[in-house]
Structures are given as C-alpha cells and as structure tokens.
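Below: one structure, written as structure tokens.
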Amino acid sequence: MQLSTRVQAIKESPTLAVTARAARMKAEGRDVIGLGAGEPDFDTPAHIKEAAKKAIDAGFTKYTPVGGIPGLKKAVVAKFKRENGWDYAEKEVIVGVGGKQCIFNLALAVLNPGDEVVIPGPYWVSYSDIALVAEAKPVIVSCGIEQGFKITPAQLAAALTPRTRMFMINSPSNPTGAVYSFSELKALGEVLKQHPQVLIATDDMYEHVNLSGEKFVSMLNACPGLRDRTVVLNGVSKAYSMTGWRIGYAAGPERIIKAMEILQSQSTSNPTSISQVAAQAALDGDQSCIEPMVKAFRERHEFVVKRLNEVKGIKCLRGGGAFYAFPDARAAIADLAKRGVIPAATDMALSEYLLEKAGVAVVPGSAFGAEGYFRISFATSMQNLEQAMERIQKALA
C-alpha cells in the first residue's frame, strides 16, 4: 500500500523521538539522563486534580460541545481580560486537544496549496511540518545566536511576498527561550501592517514560564490594530504542569475560529470532558501554584547556562522564558570532528555521541532548523542537571 505524499513530506517529532529513545535505553538498564522532554517535572496542582475527580464522580463523562464547554470558554475569556487586557467573546474562542491541535486546525483552516508561512528559526519542531500537511510552503528565516534568536523587521520585510498567508511567532520561544520586547513586537507589527493578506499566529504557550521577571507582552499588546487578523494560541500544559491532560485554546476572528471548530468536529470532536473541567479549575483558580515552578526553573536556568558557558566550544545565551537552553555548539562540533571523536561535523553526530558515550539525551538543533546547536530541557531535577552538565563537560573536553 502506498503512503500519501502528505505524510511522506513530514517527519516524526524529533523531541518525542529523543524522549522515547531515552526511555527505551533506561528500560534496558542504561544510565541515561533525558533532557529532551519539554514538560514540567512537577505534579499537576492538587486543586486541579480534585476538580477532575469531582467531574468523574458527578458523571461528567459524555460528549461536550465540540469547541469546548461554556465554563472553560468563559474561563479563557476571563483569563485574557485579566492577564492580557484583551476582550474576546466566547464565540471567538476554541478549546482543542492540546495547543498542537489548535495550530494544526488553524493551518488547515486558512492555508491553501502554494501559500507561504514565514517562520523565524530556530522554531518549534512542528510548525514547519504542520504547514506542509496543509500543503503550504514553510519559509524559514534564520535568526541565530548573534541576533538573540529573534527575527528583525528587515528580515521579516524581506521574507514577506504576495503569497505569504501566515506569520508564526513564538514568544517565549521553544527552543531558545528568547522573548520579544514590546518595542520589538511593535516594529514587526509595523511591517505586517503593510501586508494585509498575512494572518499572524502568536504562540504564547510559555507565557507564564517567565525567567526574567519582565511583564509578558504579546503581539496584540504591541499592535492592537492587528486584532482582526491575529490568532492567539495558548494552553494549560506548561503553566500548570498539565501536558498529559491535552488542553489548548485559541482566540481570534470568529470566522476563523468557526472554521477550526468544523475541522475539529470531523477529527477528534470535543476535547476530553474531564480535562476541560480541570483546565477550567486551572484558569479560574488560585494562580499562586505557578510561582514555585517558575522559581525552580529560574534557578535551574542560571545553573545550566553558567555551566554550559564553561564548556570549551560552547556558547549559551540566557533566556527570558520557557525551560530550555539552546547552546551554540558549532566550535565544539568542529573540534570533535577534527579529532575524529565524532564521524561528522553535525549536531546529529554530537547528539548521538552525547547519548551513547555520556548517557545524556539532548535534541539536535537541526530539528529546530538550526544546525550546530542543541536543546536542553531543564524541566528536570537539579540533581539530574548537575550530573548531566558534568557528563557533557567531560565528553567535550
């Protein structure tokens, strides 16, 4: 049986593949520290789990409206008003099976064959493949460590064409931790104003994982005039340690949100009823549960960046958000390849070497469109991080 050209055009999620491989090696008795998974190592807060238990006991286990239960939609609307200063109606909000499904549905709802999607790189691994599934062309704009991993207005202007249909921005960024300032977003918005055919998709999933202490701002804060062609994407996975509950949400123009709902009605139907109740409790409940997690991430971030910068051939910037470090290993890779320690001067060869010889699983930068880098998730214990940094330092010495 022949596979579709659509599925042959994409690849398995590299981050999930690395995590799965590390888990298999551990199951075989290998001593492996997995730094690939992008999920908090904390338990879901008790009051959120309690809301889910009550929903089960109350028999809330049937189908719900496709786009989300009214209570959760109200909670999303209230969250946007309370934390971001945005006014959305419930009909402008959709709840999906994780943030990834919301992005997938958005792409399928607005993209046609031949459309272009401008994506600053390094980028989250799924953006490019989702565009390909929608038969659009991902246009990757390289934004290296030299410019803080952020696209400039000049780069954006050069990338936009009459075929551009979507601009994807992610702040705080996975994989780099880069965060755009108000003025940087405003400058990008001025460019986008000149291209009315371009939809802006802003992925704010790491909004609450704030490492800098600076107030979070999104594209709509800097450029409220772009509201009619902006879709905000978010979810409960990272802020509330609810990755497995699979609840994401999006807000934007009613016509686009309705199209996303039609797609969802033909794929998953509604998100899990119990998870929706839990997500509502997360958004409506006491938000102080976030701070202990963020405090731990800040401490780990400082430790990891400091240690990486002590390694020969490695350069690592401090991040403003998320729980990743994205070191530039090009000098280390070249040195290892020159000495014959790794078979090729690539980040894939480096990642394989670190896994097999040092027992540390990282994700190669090429998975994020950035050859010569690698991503470390510090959403694990300080003990694991201390051991991992020792191993990496010895392996690269």
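Each chain of the structure tokens is named A, B, ... in the order shown, its residues numbered from 1; ligands are numbered from 1 in display order.
Non-sequential neighbours of Gly248 in chain A (distance at most 6 Å, separation of 6 or more positions within a chain, only C-alpha atoms) are Val95, Gly96, Gly98, Gly99, Asn234 and Gly235 of chain A.
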Once you have the residues from the selection above, write them out as a short mmCIF file (atom, residue, chain, number, x, y, z; two decimals), in the first residue's frame, restricted to N, CA and C atoms.
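result25.cif, written as the output of this step:
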data_model
loop_
_atom_site.label_atom_id
_atom_site.label_comp_id
_atom_site.auth_asym_id
_atom_site.auth_seq_id
_atom_site.Cartn_x
_atom_site.Cartn_y
_atom_site.Cartn_z
N VAL A 95 -11.48 25.57 22.20
CA VAL A 95 -10.64 24.70 23.03
C VAL A 95 -10.30 23.46 22.21
N GLY A 96 -9.02 23.10 22.19
CA GLY A 96 -8.59 21.96 21.40
C GLY A 96 -7.90 20.90 22.25
N GLY A 98 -5.01 19.97 23.15
CA GLY A 98 -3.64 20.47 23.22
C GLY A 98 -3.43 21.65 22.29
N GLY A 99 -2.38 22.41 22.58
CA GLY A 99 -2.05 23.55 21.73
C GLY A 99 -1.69 23.13 20.32
N ASN A 234 -2.63 29.29 22.96
CA ASN A 234 -2.13 29.10 24.32
C ASN A 234 -2.66 27.78 24.86
N GLY A 235 -2.43 27.52 26.13
CA GLY A 235 -2.91 26.28 26.73
C GLY A 235 -2.50 26.18 28.18
#
Note to self: I'd like the neighbourhood of Ser13 in chain A as an MDAnalysis selection string, where a residue qualifies if any of its atoms comes within 10 Å (using only C-alpha atoms), though same-chain residues fewer than 3 positions away should be ignored.
What the structure shows: chainID A and resid 10 16:18 124:126 129 367
Next item on the list: Among the residues of range 56-231 of chain A, find those DSSP assigns to strand (DSSP E) from the backbone and print them as a ChimeraX atom specification.
Entry: /A:93-96,116-121,137-142,164-170,199-203,230-231
Grab the residues selected above and save them as a CSV table (one decimal), in the first residue's frame with N, CA and C atoms.
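Output (out33.csv):
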chain,number,residue,atom,x,y,z
A,93,VAL,N,-13.5,32.0,20.7
A,93,VAL,CA,-12.6,31.1,21.4
A,93,VAL,C,-12.9,29.7,21.1
A,94,ILE,N,-11.8,28.9,21.0
A,94,ILE,CA,-12.0,27.4,20.8
A,94,ILE,C,-11.0,26.7,21.7
A,95,VAL,N,-11.5,25.6,22.2
A,95,VAL,CA,-10.6,24.7,23.0
A,95,VAL,C,-10.3,23.5,22.2
A,96,GLY,N,-9.0,23.1,22.2
A,96,GLY,CA,-8.6,22.0,21.4
A,96,GLY,C,-7.9,20.9,22.2
A,116,GLU,N,2.4,30.6,1.6
A,116,GLU,CA,3.7,30.6,2.3
A,116,GLU,C,3.5,31.0,3.8
A,117,VAL,N,4.2,30.3,4.6
A,117,VAL,CA,4.2,30.6,6.1
A,117,VAL,C,5.6,31.0,6.5
A,118,VAL,N,5.7,32.2,7.0
A,118,VAL,CA,7.0,32.7,7.4
A,118,VAL,C,7.2,32.3,8.9
A,119,ILE,N,8.3,31.6,9.1
A,119,ILE,CA,8.6,31.0,10.4
A,119,ILE,C,10.0,31.4,10.8
A,120,PRO,N,10.2,32.2,11.9
A,120,PRO,CA,11.6,32.5,12.3
A,120,PRO,C,12.2,31.3,12.9
A,121,GLY,N,13.5,31.0,12.5
A,121,GLY,CA,14.2,29.9,13.1
A,121,GLY,C,15.3,30.3,13.9
A,137,LYS,N,3.9,26.2,2.0
A,137,LYS,CA,5.4,26.2,2.0
A,137,LYS,C,5.9,27.0,3.2
A,138,PRO,N,6.7,26.3,4.1
A,138,PRO,CA,7.3,27.0,5.2
A,138,PRO,C,8.5,27.8,4.7
A,139,VAL,N,8.5,29.0,5.0
A,139,VAL,CA,9.7,29.9,4.7
A,139,VAL,C,10.4,30.2,6.0
A,140,ILE,N,11.5,29.5,6.1
A,140,ILE,CA,12.3,29.7,7.4
A,140,ILE,C,13.3,30.8,7.3
A,141,VAL,N,13.2,31.7,8.2
A,141,VAL,CA,14.1,32.9,8.3
A,141,VAL,C,15.1,32.6,9.5
A,142,SER,N,16.3,32.5,9.1
A,142,SER,CA,17.3,32.1,10.1
A,142,SER,C,17.7,33.3,11.0
A,164,THR,N,2.5,35.1,0.9
A,164,THR,CA,2.6,34.9,2.3
A,164,THR,C,1.2,34.9,2.9
A,165,ARG,N,0.8,33.9,3.6
A,165,ARG,CA,-0.6,33.8,4.2
A,165,ARG,C,-0.5,33.9,5.7
A,166,MET,N,0.6,33.5,6.3
A,166,MET,CA,0.7,33.4,7.7
A,166,MET,C,2.1,33.7,8.2
A,167,PHE,N,2.2,34.4,9.3
A,167,PHE,CA,3.4,34.7,10.0
A,167,PHE,C,3.3,34.1,11.4
A,168,MET,N,4.2,33.2,11.8
A,168,MET,CA,4.2,32.4,13.0
A,168,MET,C,5.2,33.0,14.0
A,169,ILE,N,4.8,33.4,15.2
A,169,ILE,CA,5.7,33.9,16.1
A,169,ILE,C,5.5,33.2,17.5
A,170,ASN,N,6.6,32.9,18.2
A,170,ASN,CA,6.5,32.2,19.4
A,170,ASN,C,7.4,32.9,20.4
A,199,LEU,N,-2.0,36.6,7.9
A,199,LEU,CA,-2.5,36.3,9.3
A,199,LEU,C,-1.4,36.1,10.2
A,200,ILE,N,-1.5,36.6,11.4
A,200,ILE,CA,-0.5,36.5,12.5
A,200,ILE,C,-0.9,35.4,13.4
A,201,ALA,N,-0.1,34.4,13.6
A,201,ALA,CA,-0.4,33.4,14.6
A,201,ALA,C,0.7,33.5,15.7
A,202,THR,N,0.2,33.9,16.9
A,202,THR,CA,1.2,34.1,18.0
A,202,THR,C,1.0,33.0,19.1
A,203,ASP,N,2.0,32.2,19.2
A,203,ASP,CA,2.0,31.0,20.1
A,203,ASP,C,2.6,31.5,21.5
A,230,THR,N,-5.2,38.4,13.8
A,230,THR,CA,-4.3,37.7,14.7
A,230,THR,C,-5.1,36.6,15.4
A,231,VAL,N,-4.4,35.4,15.5
A,231,VAL,CA,-5.0,34.3,16.3
A,231,VAL,C,-4.0,34.0,17.4
Item checked: Within 9 Å of range 244-247 of chain A using only C-alpha atoms, minus same-chain residues under 2 positions, as a PyMOL selection string -> chain A and resi 95-99+235-237+241-242+249+271-272+274-276+278-279
Notebook entry, point to check: For Val311 in chain A, which residue among A:His195, A:Lys53, A:Arg255, A:Arg391 is the nearest when counting only C-alpha atoms?
Noted result: A:Arg391
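Among A:Ala296, A:Leu317, A:Ile103, A:Ala239, the residue with the shortest atom-to-atom distance to Phe378 in chain A, counting only C-alpha atoms, is A:Ala296.
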Contacts of Glu261 in chain A at 7 Å (only C-alpha atoms; same-chain gap of 3+ positions) as an mmCIF file with N, CA, C and O atoms, in the first residue's frame:
data_model
loop_
_atom_site.group_PDB
_atom_site.id
_atom_site.type_symbol
_atom_site.label_atom_id
_atom_site.label_comp_id
_atom_site.auth_asym_id
_atom_site.auth_seq_id
_atom_site.Cartn_x
_atom_site.Cartn_y
_atom_site.Cartn_z
ATOM 1 N N VAL A 66 -18.279 20.693 20.735
ATOM 2 C CA VAL A 66 -17.019 20.432 20.037
ATOM 3 C C VAL A 66 -15.923 21.416 20.429
ATOM 4 O O VAL A 66 -14.776 21.040 20.684
ATOM 5 N N GLY A 67 -16.257 22.680 20.478
ATOM 6 C CA GLY A 67 -15.255 23.714 20.705
ATOM 7 C C GLY A 67 -14.972 24.037 22.152
ATOM 8 O O GLY A 67 -14.223 24.971 22.440
ATOM 9 N N ILE A 257 -12.220 30.961 13.820
ATOM 10 C CA ILE A 257 -12.480 30.051 14.945
ATOM 11 C C ILE A 257 -13.573 29.051 14.581
ATOM 12 O O ILE A 257 -13.475 27.854 14.899
ATOM 13 N N LYS A 258 -14.606 29.501 13.884
ATOM 14 C CA LYS A 258 -15.681 28.589 13.467
ATOM 15 C C LYS A 258 -15.152 27.548 12.489
ATOM 16 O O LYS A 258 -15.516 26.361 12.563
ATOM 17 N N GLN A 264 -12.407 20.373 13.720
ATOM 18 C CA GLN A 264 -12.326 19.574 14.934
ATOM 19 C C GLN A 264 -13.516 18.624 15.044
ATOM 20 O O GLN A 264 -13.384 17.503 15.541
ATOM 21 N N SER A 265 -14.661 19.060 14.556
ATOM 22 C CA SER A 265 -15.858 18.205 14.622
ATOM 23 C C SER A 265 -15.689 16.946 13.781
ATOM 24 O O SER A 265 -16.337 15.928 14.033
#
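Candidate residues A:Ala251, A:Ile376, A:Val232, A:Cys223 were compared for distance to Asp204 in chain A, and the nearest is A:Val232, using only C-alpha atoms.
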Next item on the list: Name all residues at most 7 Å from range 74-84 of chain A (count only C-alpha atoms; drop same-chain ones fewer than 3 positions away) and give them as number ranges by chain.
Entry: A: 70-71, 87-90, 280, 283-284
Next item on the list: May I have all residues of range 171-269 of chain A that DSSP, computed from the backbone, assigns to helix (DSSP H, G or I), given as a count of residues only?
Entry: 36
Checklist line | Selection near Phe60 in chain A, 10 Å with only C-alpha atoms, sequence-local residues under 4 positions removed, as JSON, numbers by chain | finding: {"A": [52, 53, 54, 55, 56, 64, 273, 274, 277]}
Checklist line | Exercise: range 175-183 of chain A partners within 8 Å, only C-alpha atoms, chain neighbours under 2 positions left out, as a list in words | finding: Pro122, Tyr123, Trp124, Gly148, Phe149, Lys150, Ser171, Pro172, Ser173, Leu185, Lys186, Ala187, Val217, Ser218, Asn221, Ala222, Arg318, Gly319, Gly320, Gly321, Ala322, Phe323, Tyr324, Ala325, Phe326, Phe368 and Arg375 of chain A
Check: With only C-alpha atoms as the atoms that count, which of A:Pro196, A:Met1, A:Gly252, A:Asn309 lies nearest to Trp86 in chain A?
Finding: A:Gly252
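If only C-alpha atoms are the atoms counted, then among A:Ala159, A:Ala37, A:Leu263, A:Ala9 the closest residue to Ala107 in chain A is A:Leu263.
Computed from the coordinates, the CA of Cys143 in chain A to CA of Val209 in chain A distance equals 22.1 Å.
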Notebook entry, point to check: Looking at only C-alpha atoms, which of A:Glu184, A:Glu254, A:Glu299, A:Glu135 is the one that sits closest to Ser212 in chain A?
Noted result: A:Glu299
